[in-house]
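J.: Sharing a structure here in structure tokens format.
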Amino acid sequence: MALLQVEHISKSFGTHRVLSDVSFALSGGQALAVLGSNGAGKTTLLRIVNRILAPDSGQVLFDGHPLVQQDLEQIGYLPEERGLYRNMRAGEQVCYLARLKGLAKSDADMKAHDWFARLGAESWWDRPVSRLSKGMQQKVQFIASVVHSPRLLILDEPFSGFDADNAEMLRREIVRLKAAGTAILLSTHNLQAANDLCDNTLQL
């Protein structure tokens with residue numbers, strides 16, 4: 001059974017139809033690239049899968065049942081428009097977001113420290129987000145999207161704003177997570193990344 005099933009999703013804003021009868025399935029250990037020009041509905045689709053928006057018609061199934069709020073604890077989401085609390089320290093913020101995903105305080109702290117160490121970011125732990133460069137903030141936001149070990153990871157233009165070294169780091173981590181069984185739903189303008197990372201593509 002597929003972990004994620006999107007069945008006949010349509011969505012309009014006013015008289016503008018953004019998505020029309022979109023369907024796909026995604027299993028653990030698979031990656032799907034969502035492709036399309038600006039305004040094609042890529043971000044709208046990802047927001048529907050993450051319950052930020054509701055579809056006009058169709059349904060999203062997670063692990064065989066209609067997607068509900070509790071399922072979000074098993075989903076990680078890296079939005080295109082990054083949003084961190086600028087006055088919080090980086091480590092504190094990741095732990096806070098991990099607890100919102102259902103982790104106990106001790107588990108959130110341990111997993112966050114593990115991720116900061118993995119990405120060479122230990123020295124950022126106590127820095128306020130406002131004192132981090134844009135690239136550092138991007139990396140912290142990525143950690144926040146994966147720290148709770150999601151079964152489904154949704155990435156909206158994940159390479160945007162990253163320099164070449166950090167983009168390669170992110171690519172390696174996506175490959176590693178996919179190999180470990182995480183389902184990856186990826187929106188990107190980077191066709192090379194889509195070809196390298198994904199098993200299938202969905203053209204909107």
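Going through the structure tokens in order, the chains are called A, B, and so on, while each chain numbers its residues from 1 and the ligands are numbered from 1 in the order shown.
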For stretch 182-199 of chain A, find every residue with an atom within 8 Å (counting only C-alpha atoms), except residues of its own chain fewer than 4 positions away, and show them as a list in words.
T.: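 Skipping anything fewer than 4 positions along the chain leaves Leu3, Leu26, Ser27, Gly28, Gly29, Gln30, Ala31, Leu32, Ala33, Val34, Leu35, Gly36, Lys42, Thr43, Pro150, Arg151, Leu152, Leu153, Ile154, Leu155, Asp156, Glu157, Pro158, Phe159, Arg171, Ile174, Val175, Leu177 and Lys178 of chain A.
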J.: Within 10 Å of A:Phe162, counting only C-alpha atoms, which residues qualify if same-chain residues fewer than 5 places away don't, as an mmCIF file with N, CA and C atoms, in the first residue's frame?
T.:
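Okay, selection25.cif is ready:
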data_model
loop_
_atom_site.group_PDB
_atom_site.id
_atom_site.type_symbol
_atom_site.label_atom_id
_atom_site.label_comp_id
_atom_site.auth_asym_id
_atom_site.auth_seq_id
_atom_site.Cartn_x
_atom_site.Cartn_y
_atom_site.Cartn_z
ATOM 1 N N LYS A 134 21.639 33.765 5.782
ATOM 2 C CA LYS A 134 20.500 33.135 5.119
ATOM 3 C C LYS A 134 20.738 31.647 4.905
ATOM 4 N N GLY A 135 21.968 31.291 4.497
ATOM 5 C CA GLY A 135 22.283 29.881 4.289
ATOM 6 C C GLY A 135 22.193 29.075 5.568
ATOM 7 N N MET A 136 22.663 29.652 6.680
ATOM 8 C CA MET A 136 22.561 28.983 7.973
ATOM 9 C C MET A 136 21.096 28.792 8.371
ATOM 10 N N GLN A 138 18.584 28.521 6.378
ATOM 11 C CA GLN A 138 18.037 27.473 5.521
ATOM 12 C C GLN A 138 18.350 26.087 6.098
ATOM 13 N N LYS A 139 19.595 25.945 6.570
ATOM 14 C CA LYS A 139 20.010 24.655 7.106
ATOM 15 C C LYS A 139 19.249 24.330 8.394
ATOM 16 N N ALA A 167 23.881 23.030 -1.175
ATOM 17 C CA ALA A 167 22.958 22.302 -2.044
ATOM 18 C C ALA A 167 23.387 20.843 -2.176
ATOM 19 N N GLU A 168 24.686 20.609 -2.268
ATOM 20 C CA GLU A 168 25.189 19.241 -2.337
ATOM 21 C C GLU A 168 24.948 18.512 -1.019
ATOM 22 N N MET A 169 25.132 19.208 0.100
ATOM 23 C CA MET A 169 24.835 18.619 1.407
ATOM 24 C C MET A 169 23.378 18.182 1.471
ATOM 25 N N LEU A 170 22.491 19.064 1.024
ATOM 26 C CA LEU A 170 21.071 18.755 1.058
ATOM 27 C C LEU A 170 20.750 17.569 0.156
#
J.: I want to know what sits within 8 Å of A:Glu92, based on only C-alpha atoms, with residues of the same chain fewer than 3 positions away left out; could you give that as a list in words?
T.: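 Counting only C-alpha atoms, the residues come to Met88, Arg89, Cys95, Tyr96, Trp125 and Asp126 of chain A.
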J.: Residues within 12 Å of A:Ile52, please, as a ChimeraX atom specification. Count only C-alpha atoms; anything in the same chain fewer than 2 positions from it doesn't count.
T.: /A:43-50,54-55,67-69,72,77,79
J.: What does the distance from atom CA of A:Arg172 to atom CA of A:Gly83 come to in Å, to one decimal?
T.: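 About the pair atom CA of A:Arg172 and atom CA of A:Gly83: they are 23.3 Å apart.
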J.: As a list in words, which residues of stretch 36-201 of chain A does DSSP assign to strand (DSSP E or B)?
T.: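 Filtering stretch 36-201 of chain A to strand (DSSP E or B) leaves Ser57, Gly58, Gln59, Val60, Leu61, Phe62, His65, Pro66, Ile75, Gly76, Tyr77, Leu78, Arg89, Pro128, Leu152, Leu153, Ile154, Leu155, Asp156, Ala183, Ile184, Leu185, Leu186, Ser187, Asn200 and Thr201 of chain A.
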J.: Just to be explicit: take each residue in the selection above, keep N, CA and C atoms, and write the result as a PDB file, in the first residue's frame.
T.:
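Result went into part-v9.pdb, see below:
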ATOM      1  N   SER A  57     -12.193  19.505  -4.292  1.00  0.00           N
ATOM      2  CA  SER A  57     -12.697  18.148  -4.505  1.00  0.00           C
ATOM      3  C   SER A  57     -11.516  17.190  -4.492  1.00  0.00           C
ATOM      4  N   GLY A  58     -11.825  15.895  -4.327  1.00  0.00           N
ATOM      5  CA  GLY A  58     -10.779  14.891  -4.209  1.00  0.00           C
ATOM      6  C   GLY A  58     -10.377  14.684  -2.768  1.00  0.00           C
ATOM      7  N   GLN A  59      -9.428  13.777  -2.549  1.00  0.00           N
ATOM      8  CA  GLN A  59      -9.004  13.478  -1.192  1.00  0.00           C
ATOM      9  C   GLN A  59      -7.534  13.075  -1.153  1.00  0.00           C
ATOM     10  N   VAL A  60      -6.956  13.217   0.048  1.00  0.00           N
ATOM     11  CA  VAL A  60      -5.590  12.789   0.321  1.00  0.00           C
ATOM     12  C   VAL A  60      -5.661  11.671   1.347  1.00  0.00           C
ATOM     13  N   LEU A  61      -5.048  10.541   1.028  1.00  0.00           N
ATOM     14  CA  LEU A  61      -4.991   9.404   1.948  1.00  0.00           C
ATOM     15  C   LEU A  61      -3.570   9.250   2.464  1.00  0.00           C
ATOM     16  N   PHE A  62      -3.453   8.985   3.751  1.00  0.00           N
ATOM     17  CA  PHE A  62      -2.146   8.744   4.363  1.00  0.00           C
ATOM     18  C   PHE A  62      -2.186   7.391   5.047  1.00  0.00           C
ATOM     19  N   HIS A  65      -5.736   5.814   5.050  1.00  0.00           N
ATOM     20  CA  HIS A  65      -6.921   6.487   5.592  1.00  0.00           C
ATOM     21  C   HIS A  65      -6.888   7.964   5.221  1.00  0.00           C
ATOM     22  N   PRO A  66      -8.054   8.617   5.224  1.00  0.00           N
ATOM     23  CA  PRO A  66      -8.064  10.049   4.916  1.00  0.00           C
ATOM     24  C   PRO A  66      -7.136  10.817   5.852  1.00  0.00           C
ATOM     25  N   ILE A  75       4.829  13.779   9.172  1.00  0.00           N
ATOM     26  CA  ILE A  75       5.159  14.503   7.948  1.00  0.00           C
ATOM     27  C   ILE A  75       6.120  15.639   8.287  1.00  0.00           C
ATOM     28  N   GLY A  76       7.156  15.798   7.483  1.00  0.00           N
ATOM     29  CA  GLY A  76       8.039  16.948   7.586  1.00  0.00           C
ATOM     30  C   GLY A  76       7.814  17.851   6.394  1.00  0.00           C
ATOM     31  N   TYR A  77       7.871  19.173   6.623  1.00  0.00           N
ATOM     32  CA  TYR A  77       7.556  20.124   5.555  1.00  0.00           C
ATOM     33  C   TYR A  77       8.563  21.258   5.562  1.00  0.00           C
ATOM     34  N   LEU A  78       9.255  21.419   4.437  1.00  0.00           N
ATOM     35  CA  LEU A  78      10.168  22.534   4.232  1.00  0.00           C
ATOM     36  C   LEU A  78       9.515  23.467   3.219  1.00  0.00           C
ATOM     37  N   ARG A  89      16.784  31.150  19.828  1.00  0.00           N
ATOM     38  CA  ARG A  89      18.051  30.512  19.490  1.00  0.00           C
ATOM     39  C   ARG A  89      17.784  29.320  18.568  1.00  0.00           C
ATOM     40  N   PRO A 128      20.915  33.313  18.217  1.00  0.00           N
ATOM     41  CA  PRO A 128      19.585  33.710  17.729  1.00  0.00           C
ATOM     42  C   PRO A 128      19.534  33.586  16.207  1.00  0.00           C
ATOM     43  N   LEU A 152       7.037  10.889   5.720  1.00  0.00           N
ATOM     44  CA  LEU A 152       6.872  11.632   4.470  1.00  0.00           C
ATOM     45  C   LEU A 152       7.540  12.984   4.637  1.00  0.00           C
ATOM     46  N   LEU A 153       8.427  13.337   3.715  1.00  0.00           N
ATOM     47  CA  LEU A 153       9.119  14.618   3.742  1.00  0.00           C
ATOM     48  C   LEU A 153       8.716  15.417   2.502  1.00  0.00           C
ATOM     49  N   ILE A 154       8.133  16.597   2.720  1.00  0.00           N
ATOM     50  CA  ILE A 154       7.670  17.470   1.650  1.00  0.00           C
ATOM     51  C   ILE A 154       8.648  18.634   1.530  1.00  0.00           C
ATOM     52  N   LEU A 155       9.229  18.799   0.367  1.00  0.00           N
ATOM     53  CA  LEU A 155      10.257  19.818   0.146  1.00  0.00           C
ATOM     54  C   LEU A 155       9.825  20.731  -0.996  1.00  0.00           C
ATOM     55  N   ASP A 156       9.591  22.003  -0.687  1.00  0.00           N
ATOM     56  CA  ASP A 156       9.157  22.969  -1.690  1.00  0.00           C
ATOM     57  C   ASP A 156      10.340  23.858  -2.056  1.00  0.00           C
ATOM     58  N   ALA A 183       9.511   8.634   2.363  1.00  0.00           N
ATOM     59  CA  ALA A 183       8.901   9.049   1.107  1.00  0.00           C
ATOM     60  C   ALA A 183       9.176  10.540   0.917  1.00  0.00           C
ATOM     61  N   ILE A 184       9.602  10.930  -0.279  1.00  0.00           N
ATOM     62  CA  ILE A 184       9.996  12.309  -0.556  1.00  0.00           C
ATOM     63  C   ILE A 184       9.085  12.880  -1.632  1.00  0.00           C
ATOM     64  N   LEU A 185       8.444  14.005  -1.324  1.00  0.00           N
ATOM     65  CA  LEU A 185       7.643  14.743  -2.292  1.00  0.00           C
ATOM     66  C   LEU A 185       8.336  16.084  -2.503  1.00  0.00           C
ATOM     67  N   LEU A 186       8.836  16.309  -3.714  1.00  0.00           N
ATOM     68  CA  LEU A 186       9.775  17.396  -3.974  1.00  0.00           C
ATOM     69  C   LEU A 186       9.282  18.281  -5.110  1.00  0.00           C
ATOM     70  N   SER A 187       9.149  19.578  -4.824  1.00  0.00           N
ATOM     71  CA  SER A 187       8.877  20.556  -5.864  1.00  0.00           C
ATOM     72  C   SER A 187      10.162  21.312  -6.156  1.00  0.00           C
ATOM     73  N   ASN A 200      10.080   9.281 -10.065  1.00  0.00           N
ATOM     74  CA  ASN A 200       9.040   9.671 -11.015  1.00  0.00           C
ATOM     75  C   ASN A 200       8.828  11.177 -10.943  1.00  0.00           C
ATOM     76  N   THR A 201       8.148  11.720 -11.945  1.00  0.00           N
ATOM     77  CA  THR A 201       7.826  13.132 -11.954  1.00  0.00           C
ATOM     78  C   THR A 201       6.332  13.303 -12.200  1.00  0.00           C
TER      79      THR A 201
END
